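Chemist: File follows, target16.tsv with TSV, C-alpha atoms and all ligand atoms:
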```
chain	number	residue	atom	x	y	z
A	12	MET	CA	15.23	3.01	-25.26
A	13	PRO	CA	12.47	5.11	-26.81
A	14	THR	CA	11.70	8.30	-24.93
A	15	ALA	CA	8.28	9.88	-24.37
A	16	PRO	CA	7.47	12.78	-26.67
A	17	LEU	CA	7.96	16.06	-24.84
A	18	GLY	CA	4.78	17.66	-23.60
A	19	ALA	CA	2.62	14.54	-23.89
A	20	ALA	CA	1.17	14.66	-20.38
A	21	PRO	CA	-1.36	11.90	-19.86
A	22	HIS	CA	-4.86	12.45	-18.52
A	23	ARG	CA	-4.89	12.91	-14.73
A	24	VAL	CA	-7.17	11.16	-12.27
A	25	LEU	CA	-7.42	10.99	-8.49
A	26	THR	CA	-8.30	7.93	-6.45
A	27	ILE	CA	-9.46	8.47	-2.87
A	28	ALA	CA	-9.32	4.99	-1.39
A	29	GLY	CA	-7.76	2.46	0.93
A	30	SER	CA	-4.58	0.45	0.52
A	31	ASP	CA	-4.81	-3.35	0.12
A	32	SER	CA	-1.59	-4.93	1.36
A	33	GLY	CA	-2.39	-7.96	-0.81
A	34	GLY	CA	-2.14	-5.78	-3.92
A	35	GLY	CA	-5.44	-6.79	-5.53
A	36	ALA	CA	-8.13	-4.29	-4.51
A	37	GLY	CA	-8.34	-0.69	-3.29
A	38	ILE	CA	-5.68	1.80	-4.32
A	39	GLN	CA	-3.59	-0.99	-5.80
A	40	ALA	CA	-6.41	-2.13	-8.11
A	41	ASP	CA	-7.01	1.45	-9.16
A	42	MET	CA	-3.33	2.03	-9.94
A	43	ARG	CA	-3.15	-1.18	-11.97
A	44	THR	CA	-6.01	-0.01	-14.16
A	45	PHE	CA	-4.92	3.62	-14.44
A	46	ALA	CA	-1.33	2.73	-15.25
A	47	THR	CA	-2.32	0.08	-17.78
A	48	LEU	CA	-4.57	2.60	-19.50
A	49	GLY	CA	-1.78	5.18	-19.60
A	50	LEU	CA	-3.22	7.71	-17.16
A	51	HIS	CA	-1.41	9.60	-14.42
A	52	ALA	CA	-3.07	8.71	-11.13
A	53	CYS	CA	-2.87	10.82	-7.97
A	54	VAL	CA	-3.72	9.17	-4.67
A	55	ALA	CA	-5.43	10.23	-1.46
A	56	ILE	CA	-5.04	7.29	0.90
A	57	THR	CA	-7.95	6.98	3.34
A	58	ALA	CA	-7.05	3.79	5.18
A	59	VAL	CA	-4.39	1.13	5.44
A	60	THR	CA	-5.75	-2.41	5.45
A	61	VAL	CA	-3.96	-5.53	6.66
A	62	GLN	CA	-5.17	-7.93	4.02
A	63	ASN	CA	-4.29	-10.99	1.99
A	64	SER	CA	-6.11	-13.40	-0.32
A	65	THR	CA	-8.09	-14.84	2.59
A	66	GLY	CA	-9.57	-11.58	3.92
A	67	VAL	CA	-9.02	-8.31	5.75
A	68	GLN	CA	-7.40	-8.87	9.15
A	69	ASP	CA	-7.35	-5.26	10.32
A	70	PHE	CA	-7.34	-1.65	9.16
A	71	ARG	CA	-6.71	1.88	10.38
A	72	GLY	CA	-8.23	5.01	8.92
A	73	VAL	CA	-5.92	7.88	8.00
A	74	ASP	CA	-6.37	11.16	9.90
A	75	PRO	CA	-9.30	12.89	8.10
A	76	ASP	CA	-7.36	16.18	7.90
A	77	ILE	CA	-4.61	14.37	6.01
A	78	VAL	CA	-7.15	12.80	3.65
A	79	GLY	CA	-8.59	16.22	2.80
A	80	ALA	CA	-5.12	17.75	2.51
A	81	GLN	CA	-4.00	15.09	0.02
A	82	ILE	CA	-6.99	15.91	-2.20
A	83	ARG	CA	-6.44	19.67	-2.03
A	84	SER	CA	-2.70	19.34	-2.60
A	85	VAL	CA	-2.92	17.39	-5.85
A	86	ALA	CA	-6.08	19.01	-7.21
A	87	GLY	CA	-4.63	22.50	-6.73
A	88	ASP	CA	-1.29	21.73	-8.32
A	89	ILE	CA	-1.61	18.82	-10.73
A	90	GLY	CA	-5.24	19.29	-11.77
A	91	ILE	CA	-7.64	16.37	-11.85
A	92	GLU	CA	-9.89	15.43	-14.78
A	93	ALA	CA	-11.92	12.75	-12.96
A	94	ALA	CA	-11.89	11.31	-9.44
A	95	LYS	CA	-13.16	8.23	-7.67
A	96	THR	CA	-13.77	7.22	-4.09
A	97	GLY	CA	-13.43	3.68	-2.72
A	98	MET	CA	-13.00	2.63	0.91
A	99	LEU	CA	-13.64	5.62	3.18
A	100	ALA	CA	-13.69	3.83	6.54
A	101	SER	CA	-15.47	6.40	8.75
A	102	THR	CA	-17.90	9.32	8.99
A	103	ALA	CA	-15.07	11.77	9.66
A	104	ILE	CA	-13.20	10.69	6.51
A	105	ILE	CA	-16.38	10.93	4.40
A	106	GLU	CA	-16.95	14.46	5.70
A	107	ALA	CA	-13.35	15.43	4.95
A	108	VAL	CA	-13.64	14.06	1.40
A	109	ALA	CA	-16.92	15.89	0.79
A	110	ALA	CA	-15.44	19.21	2.00
A	111	ALA	CA	-12.28	18.83	-0.09
A	112	ALA	CA	-14.30	17.78	-3.16
A	113	ASP	CA	-16.45	20.93	-2.83
A	114	ALA	CA	-13.38	23.12	-2.40
A	115	GLU	CA	-11.74	21.65	-5.51
A	116	GLY	CA	-14.71	21.50	-7.87
A	117	ILE	CA	-14.97	17.72	-7.76
A	118	GLY	CA	-18.40	16.08	-7.98
A	119	LYS	CA	-21.79	16.10	-9.65
A	120	GLY	CA	-22.36	19.24	-11.68
A	121	ARG	CA	-18.78	20.46	-11.08
A	122	ALA	CA	-15.81	20.57	-13.46
A	123	THR	CA	-14.40	17.23	-12.30
A	124	PRO	CA	-16.72	14.20	-12.35
A	125	LEU	CA	-16.73	11.93	-9.31
A	126	VAL	CA	-17.29	8.17	-9.35
A	127	VAL	CA	-18.46	6.97	-5.92
A	128	ASP	CA	-17.84	3.28	-5.32
A	129	PRO	CA	-19.56	2.96	-1.92
A	130	VAL	CA	-17.28	0.29	-0.49
A	131	ALA	CA	-18.77	-1.18	2.69
A	132	ALA	CA	-17.30	-4.67	3.07
A	133	SER	CA	-14.86	-7.04	1.43
A	134	MET	CA	-16.00	-10.07	-0.56
A	135	HIS	CA	-15.25	-12.09	2.59
A	136	GLY	CA	-17.70	-9.94	4.57
A	137	ASP	CA	-15.04	-8.04	6.49
A	138	PRO	CA	-16.31	-4.49	7.21
A	139	LEU	CA	-14.44	-1.67	5.47
A	140	LEU	CA	-16.81	1.10	6.59
A	141	ALA	CA	-18.04	1.79	10.12
A	142	SER	CA	-21.75	0.91	10.22
A	143	GLU	CA	-22.67	4.34	11.59
A	144	ALA	CA	-20.95	5.91	8.55
A	145	LEU	CA	-23.74	4.74	6.22
A	146	ASP	CA	-25.69	7.91	7.07
A	147	ALA	CA	-22.75	10.07	5.99
A	148	LEU	CA	-22.40	8.01	2.82
A	149	ARG	CA	-26.06	8.72	2.01
A	150	ALA	CA	-26.05	12.37	3.05
A	151	GLU	CA	-22.56	13.57	2.12
A	152	LEU	CA	-21.18	11.44	-0.64
A	153	ILE	CA	-23.90	9.97	-2.83
A	154	PRO	CA	-25.37	13.46	-3.48
A	155	ARG	CA	-21.95	14.45	-4.87
A	156	ALA	CA	-21.69	11.42	-7.17
A	157	THR	CA	-21.63	11.87	-10.92
A	158	VAL	CA	-22.14	8.12	-10.88
A	159	VAL	CA	-22.50	5.76	-7.92
A	160	THR	CA	-21.54	2.11	-8.44
A	161	PRO	CA	-22.77	-0.13	-5.60
A	162	ASN	CA	-22.85	-3.91	-5.74
A	163	LEU	CA	-25.95	-5.67	-4.48
A	164	ASP	CA	-24.76	-5.89	-0.85
A	165	GLU	CA	-23.96	-2.19	-0.84
A	166	VAL	CA	-27.35	-1.41	-2.43
A	167	ARG	CA	-29.07	-3.29	0.38
A	168	LEU	CA	-27.09	-1.45	3.07
A	169	ILE	CA	-27.67	1.98	1.49
A	170	THR	CA	-31.28	1.70	0.29
A	171	GLY	CA	-32.67	-1.27	2.23
A	172	ILE	CA	-33.74	-2.83	-1.08
A	173	GLU	CA	-32.91	-6.47	-1.75
A	174	VAL	CA	-32.27	-6.69	-5.48
A	175	VAL	CA	-33.51	-10.01	-6.80
A	176	ASP	CA	-34.71	-9.14	-10.30
A	177	GLY	CA	-34.99	-6.32	-12.84
A	178	ASP	CA	-37.87	-4.65	-11.01
A	179	SER	CA	-36.08	-4.41	-7.66
A	180	GLN	CA	-32.91	-3.36	-9.46
A	181	ARG	CA	-34.85	-0.45	-11.00
A	182	ARG	CA	-36.35	0.53	-7.60
A	183	ALA	CA	-32.88	0.46	-6.05
A	184	ALA	CA	-31.54	2.71	-8.81
A	185	ASP	CA	-34.44	5.16	-8.25
A	186	SER	CA	-33.64	5.20	-4.56
A	187	LEU	CA	-29.98	6.05	-5.24
A	188	LEU	CA	-31.05	8.87	-7.56
A	189	ALA	CA	-33.42	10.11	-4.83
A	190	LEU	CA	-30.38	10.35	-2.54
A	191	GLY	CA	-28.90	12.76	-5.09
A	192	ALA	CA	-26.61	10.78	-7.39
A	193	GLN	CA	-26.65	11.99	-11.00
A	194	TRP	CA	-26.34	8.44	-12.36
A	195	ALA	CA	-26.77	5.13	-10.57
A	196	LEU	CA	-25.16	1.92	-11.78
A	197	VAL	CA	-26.70	-1.02	-9.93
A	198	LYS	CA	-24.41	-3.94	-10.60
A	199	GLY	CA	-25.92	-7.36	-10.97
A	200	GLY	CA	-22.64	-9.24	-10.76
A	201	HIS	CA	-23.60	-10.80	-7.43
A	202	LEU	CA	-26.96	-12.11	-8.73
A	203	ARG	CA	-25.41	-15.54	-8.74
A	204	GLU	CA	-28.38	-17.35	-10.22
A	205	SER	CA	-28.25	-15.15	-13.31
A	206	PRO	CA	-26.23	-16.57	-16.23
A	207	ASP	CA	-25.18	-13.05	-17.19
A	208	SER	CA	-23.94	-10.16	-15.11
A	209	PRO	CA	-26.75	-7.65	-15.76
A	210	ASP	CA	-26.06	-4.05	-14.70
A	211	LEU	CA	-28.56	-1.18	-14.86
A	212	LEU	CA	-27.41	2.39	-15.44
A	213	THR	CA	-29.87	5.26	-15.17
A	214	ASP	CA	-30.10	8.99	-14.56
A	215	GLY	CA	-33.88	8.79	-14.24
A	216	ALA	CA	-34.43	9.64	-17.91
A	217	GLN	CA	-32.17	7.17	-19.70
A	218	PHE	CA	-32.05	3.48	-18.82
A	219	VAL	CA	-29.16	1.47	-20.12
A	220	ALA	CA	-28.78	-2.26	-19.50
A	221	PHE	CA	-25.31	-3.76	-19.69
A	222	THR	CA	-25.01	-7.48	-19.95
A	223	ALA	CA	-21.73	-9.29	-20.08
A	224	PRO	CA	-21.31	-13.03	-19.85
A	225	ARG	CA	-20.41	-14.08	-16.30
A	226	VAL	CA	-16.76	-15.10	-16.19
A	227	PRO	CA	-16.47	-18.30	-14.16
A	228	THR	CA	-13.55	-17.46	-11.89
A	229	GLY	CA	-13.06	-17.73	-8.15
A	230	HIS	CA	-10.57	-14.90	-8.54
A	231	ASP	CA	-12.49	-11.64	-8.66
A	232	HIS	CA	-10.94	-9.73	-5.78
A	233	GLY	CA	-10.90	-6.05	-6.67
A	234	ALA	CA	-13.48	-6.35	-9.46
A	235	GLY	CA	-15.63	-3.49	-8.15
A	236	ASP	CA	-12.64	-1.18	-7.73
A	237	THR	CA	-11.37	-2.06	-11.20
A	238	LEU	CA	-14.75	-1.31	-12.81
A	239	ALA	CA	-15.03	2.05	-11.03
A	240	ALA	CA	-11.42	2.93	-11.93
A	241	ALA	CA	-11.98	2.14	-15.60
A	242	ILE	CA	-15.15	4.29	-15.59
A	243	THR	CA	-13.12	7.10	-13.99
A	244	ALA	CA	-10.41	6.73	-16.64
A	245	ALA	CA	-12.97	7.00	-19.44
A	246	LEU	CA	-14.56	10.08	-17.84
A	247	ALA	CA	-11.10	11.69	-17.67
A	248	HIS	CA	-10.90	11.10	-21.42
A	249	GLY	CA	-14.14	13.08	-21.78
A	250	ARG	CA	-16.51	10.16	-22.36
A	251	ALA	CA	-20.14	10.57	-21.31
A	252	VAL	CA	-21.27	8.39	-18.40
A	253	PRO	CA	-23.02	5.66	-20.47
A	254	ALA	CA	-19.99	5.29	-22.75
A	255	ALA	CA	-17.65	5.31	-19.74
A	256	VAL	CA	-19.64	2.54	-18.06
A	257	GLU	CA	-19.70	0.51	-21.27
A	258	PHE	CA	-15.93	0.81	-21.41
A	259	GLY	CA	-15.53	-0.06	-17.72
A	260	LYS	CA	-17.71	-3.11	-18.03
A	261	ALA	CA	-15.69	-4.44	-20.98
A	262	TRP	CA	-12.47	-3.68	-19.11
A	263	VAL	CA	-13.37	-5.57	-15.95
A	264	THR	CA	-14.77	-8.49	-17.94
A	265	GLU	CA	-11.43	-8.85	-19.71
A	266	GLY	CA	-9.63	-8.46	-16.37
A	267	LEU	CA	-11.72	-11.30	-14.93
A	268	ARG	CA	-10.75	-13.52	-17.85
A	269	TRP	CA	-7.09	-12.95	-16.96
A	270	ALA	CA	-7.54	-13.22	-13.17
A	271	TYR	CA	-5.05	-15.47	-11.43
A	272	PRO	CA	-4.92	-17.49	-8.21
A	273	LEU	CA	-2.93	-16.09	-5.31
A	274	GLY	CA	-2.44	-17.38	-1.79
A	275	ALA	CA	-4.99	-19.65	-0.14
A	276	GLY	CA	-8.04	-17.52	-1.00
A	277	HIS	CA	-9.23	-15.32	-3.84
A	278	GLY	CA	-6.83	-13.94	-6.44
A	279	PRO	CA	-7.33	-10.55	-8.09
A	280	VAL	CA	-8.81	-9.46	-11.39
A	281	ASN	CA	-5.95	-8.73	-13.70
A	282	PRO	CA	-5.97	-5.66	-15.89
A	283	LEU	CA	-2.24	-6.01	-16.54
A	284	TRP	CA	-2.59	-8.59	-19.30
A	285	ALA	CA	-2.38	-5.84	-21.91
A	286	VAL	CA	1.06	-4.63	-20.83
A	287	ALA	CA	2.61	-7.51	-18.97
A	288	PRO	CA	5.45	-9.22	-20.78
A	289	SER	CA	7.86	-10.39	-18.13
A	290	ILE	CA	11.12	-8.62	-17.31
A	291	GLU	CA	12.90	-11.47	-19.10
A	292	HIS	CA	10.86	-10.86	-22.22
A	293	ARG	CA	11.75	-7.16	-22.26
A	294	TYR	CA	15.38	-7.23	-21.11
A	295	GLY	CA	16.54	-10.74	-21.85
A	296	GLU	CA	16.95	-13.80	-19.70
A	297	GLN	CA	18.88	-13.11	-16.47
A	298	THR	CA	21.70	-15.64	-16.40
A	299	ASP	CA	24.22	-14.07	-14.03
A	300	ARG	CA	22.86	-14.74	-10.56
A	301	SER	CA	26.20	-14.46	-8.83
A	302	ASP	CA	25.05	-11.45	-6.75
A	303	SER	CA	21.86	-13.17	-5.65
A	304	PRO	CA	21.64	-14.20	-2.04
B	1	LIG	N1	-9.79	-3.61	0.37
B	1	LIG	C1	-9.91	-2.39	-0.07
B	1	LIG	C2	-8.92	-1.37	0.38
B	1	LIG	C3	-10.96	-2.09	-0.93
B	1	LIG	O1	-11.11	-0.83	-1.38
B	1	LIG	C4	-11.86	-3.08	-1.34
B	1	LIG	C5	-12.96	-2.83	-2.25
B	1	LIG	O2	-13.21	-1.78	-2.71
B	1	LIG	C6	-11.69	-4.34	-0.84
B	1	LIG	C7	-10.64	-4.57	-0.01
B	1	LIG	C8	-12.62	-5.44	-1.14
B	1	LIG	O3	-12.47	-5.95	-2.39
B	1	LIG	P1	-13.23	-7.30	-2.67
B	1	LIG	O4	-14.65	-7.05	-2.31
B	1	LIG	O5	-13.07	-7.49	-4.12
B	1	LIG	O6	-12.58	-8.33	-1.81
```
Before we go any further, please render this structure as structure tokens.
Modeler:
Amino acid sequence: MPTAPLGAAPHRVLTIAGSDSGGGAGIQADMRTFATLGLHACVAITAVTVQNSTGVQDFRGVDPDIVGAQIRSVAGDIGIEAAKTGMLASTAIIEAVAAAADAEGIGKGRATPLVVDPVAASMHGDPLLASEALDALRAELIPRATVVTPNLDEVRLITGIEVVDGDSQRRAADSLLALGAQWALVKGGHLRESPDSPDLLTDGAQFVAFTAPRVPTGHDHGAGDTLAAAITAALAHGRAVPAAVEFGKAWVTEGLRWAYPLGAGHGPVNPLWAVAPSIEHRYGEQTDRSDSP
């Protein structure tokens, strides 16, 4: 077996997000992307969801003090080069994340860039954020975002703007910048009538349009998380935001091409294609099953 060269510590990231018991979105999506890209990922779990391919049946938020303590513990010891937030569940958790981010130099204009994926609901419409927590998202989290990455539903909830075309997409981006984000990425992936998946990235001075062909798959669970995780990974490697988003967009597009069906509902995007020969391929066919139940 080859061994890792001594001293070759990978880049370190932190994901502050919820667990998806179905393994396709949330923390699990983030870990799939970070691991595939060779990063070391630390985790601050914010919520535990009861979830499968058909939807989210239930969730509980983690004690906000424990969320903040996870962030401070790993940032102080391991050191974090880029961080992302996903599902934050409640106002109290958002406030705990904001306080810990400030204490650890995470966020816009600080040493460690922060990608804010303002998760509000699952693709099935199940809420993942208390409705009264939208104010905290606007006031506490978006102003700390190096880049905020809402989908069209999240844009509507946060800004009140219904994105239907390039003009409304631009107004929505302006509105997110007015809330204090350094960069806004308004994803067009849910503009179903569009043949492409047009995303707009802006910091108010630069406007970058990203267009990738829409991948016709019913299996896109975790796509938003995967995009935000790939952007975070690229930021940890020192990429500027436009280059990081370009990378993330290519990464999630490839993951969508390799998405697979699972259960009775929606399967997940699959970033594992790059590293996923089966156990049999690596270690040989298992023939002795005498110990198997
Ligand atoms: N569950 C968790 C924990 C999530 O963080 C997210 C999205 O960020 C989802 C579910 C929803 O994923 P999707 O909208 O792809 O179903």
Chemist: Mind checking which residues fall within 12 Å of Gly87 (chain A), counting only C-alpha atoms, ignoring those fewer than 2 positions away in the same chain, and posting them as a ChimeraX atom specification?
Modeler: /A:25,53,80-85,89-92,111-112,114-117
Chemist: Chain A near ligand LIG 1 (chain B) within 7 Å: what's each residue's closest atom pair and its distance in Å to one decimal, counting only C-alpha atoms and all ligand atoms, ordered by chain then ascending residue number, as a Markdown table?
Modeler:
```
| residue | atom | partner | partner_atom | distance |
| --- | --- | --- | --- | --- |
| A:Ala28 | CA | B:LIG1 | O1 | 6.1 |
| A:Gly29 | CA | B:LIG1 | C2 | 4.0 |
| A:Ser30 | CA | B:LIG1 | C2 | 4.7 |
| A:Asp31 | CA | B:LIG1 | C2 | 4.6 |
| A:Ala36 | CA | B:LIG1 | C4 | 5.0 |
| A:Gly37 | CA | B:LIG1 | O1 | 3.4 |
| A:Ile38 | CA | B:LIG1 | C2 | 6.5 |
| A:Thr60 | CA | B:LIG1 | C2 | 6.1 |
| A:Gly97 | CA | B:LIG1 | O1 | 5.2 |
| A:Met98 | CA | B:LIG1 | O1 | 4.6 |
| A:Val130 | CA | B:LIG1 | O2 | 5.1 |
| A:Ala132 | CA | B:LIG1 | C8 | 6.3 |
| A:Ser133 | CA | B:LIG1 | O4 | 3.7 |
| A:Met134 | CA | B:LIG1 | O4 | 3.7 |
| A:His135 | CA | B:LIG1 | O6 | 6.4 |
| A:Asp231 | CA | B:LIG1 | O5 | 6.2 |
| A:His232 | CA | B:LIG1 | O5 | 3.5 |
| A:Gly233 | CA | B:LIG1 | O5 | 3.6 |
| A:Ala234 | CA | B:LIG1 | O5 | 5.5 |
| A:Gly235 | CA | B:LIG1 | O2 | 6.2 |
| A:Asp236 | CA | B:LIG1 | O2 | 5.1 |
```
Chemist: If you measure from CA of Glu143 (chain A) to CA of Leu188 (chain A), what distance in Å do you get, rounded to one decimal?
Modeler: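 CA of Leu188 (chain A) lies at a distance of 21.4 Å from CA of Glu143 (chain A).
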Chemist: Which residues come within 10 Å of region 268-270 of chain A, counting all atoms listed in the file, excluding same-chain residues fewer than 4 positions away, as a short mmCIF file (atom, residue, chain, number, x, y, z; two decimals) with C-alpha atoms, in the frame of the given file?
Modeler:
```cif
data_model
loop_
_atom_site.label_atom_id
_atom_site.label_comp_id
_atom_site.auth_asym_id
_atom_site.auth_seq_id
_atom_site.Cartn_x
_atom_site.Cartn_y
_atom_site.Cartn_z
CA ARG A 225 -20.41 -14.08 -16.30
CA VAL A 226 -16.76 -15.10 -16.19
CA PRO A 227 -16.47 -18.30 -14.16
CA THR A 228 -13.55 -17.46 -11.89
CA GLY A 229 -13.06 -17.73 -8.15
CA HIS A 230 -10.57 -14.90 -8.54
CA ASP A 231 -12.49 -11.64 -8.66
CA HIS A 232 -10.94 -9.73 -5.78
CA ALA A 234 -13.48 -6.35 -9.46
CA VAL A 263 -13.37 -5.57 -15.95
CA THR A 264 -14.77 -8.49 -17.94
CA HIS A 277 -9.23 -15.32 -3.84
CA GLY A 278 -6.83 -13.94 -6.44
CA PRO A 279 -7.33 -10.55 -8.09
CA VAL A 280 -8.81 -9.46 -11.39
CA ASN A 281 -5.95 -8.73 -13.70
CA PRO A 282 -5.97 -5.66 -15.89
CA LEU A 283 -2.24 -6.01 -16.54
CA TRP A 284 -2.59 -8.59 -19.30
CA ALA A 285 -2.38 -5.84 -21.91
#
```
Chemist: Name the closest residue to Ala19 (chain A) among the candidates A:Leu246, A:Ala40, A:Leu50, A:Val73; distances are taken between atoms, counting all atoms listed in the file.
Modeler: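 Closest candidate: A:Leu50.
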Chemist: Looking at all atoms listed in the file, which of A:Val67, A:Ala55, A:Pro124, A:Thr102 is the one that sits closest to His248 (chain A)?
Modeler: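 Using all atoms listed in the file, His248 (chain A) sits closest to A:Pro124.
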Chemist: Give me, please, the distance in Å between CA of Pro253 (chain A) and CA of Thr157 (chain A), quoted to one decimal.
Modeler: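 If I compute the distance from CA of Pro253 (chain A) to CA of Thr157 (chain A), I get 11.5 Å.
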Chemist: Determine the nearest neighbour of Ala122 (chain A) from the options A:Ala93, A:Ala184, A:Ala216, A:Leu48, counting only C-alpha atoms.
Modeler: A:Ala93
Chemist: Considering all atoms listed in the file, can you say which of A:His292, A:Arg43, A:Arg23, A:Arg71 comes closest to Leu99 (chain A)?
Modeler: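 Between A:His292, A:Arg43, A:Arg23, A:Arg71, the residue approaching Leu99 (chain A) most closely is A:Arg71.
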Chemist: Taking all atoms listed in the file into account, name the residue in A:Ala147, A:Ala255, A:Ile104, A:Val159 that is nearest to Pro75 (chain A).
Modeler: A:Ile104
Chemist: Can you tell me, as a list in words, what residues are no more than 8 Å from Ala144 (chain A) when counting all atoms listed in the file, ignoring any on the same chain fewer than 4 positions away?
Modeler: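 So, after excluding close chain neighbours, the residues are Ala100, Ser101, Thr102, Ile105, Leu140 and Leu148 of chain A.
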Chemist: As lines of an AutoDock Vina configuration file, please: the centre and edge lengths in Å, to one decimal, of an axis-aligned box enclosing every listed atom of region 214-217 of chain A with 4 Å added on each side.
Modeler:
```
center_x = -32.3
center_y = 8.4
center_z = -17.0
size_x = 12.3
size_y = 10.5
size_z = 13.5
```
Chemist: Report the distance between CA of Ile153 (chain A) and CA of Val61 (chain A) in Å, rounded to one decimal place.
Modeler: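 Separation between CA of Ile153 (chain A) and CA of Val61 (chain A): 27.0 Å.
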Chemist: Find the residue from A:Asn162, A:Leu187, A:Ala240, A:Arg181 that sits nearest to Gly199 (chain A); use only C-alpha atoms when measuring.
Modeler: A:Asn162
Chemist: Just give me the residues with any atom within 9 Å of (-22.1, -4.1, 2.8), file coordinates, counting only C-alpha atoms, written as a PyMOL selection string.
Modeler: chain A and resi 129-133+136-140+142+162-169
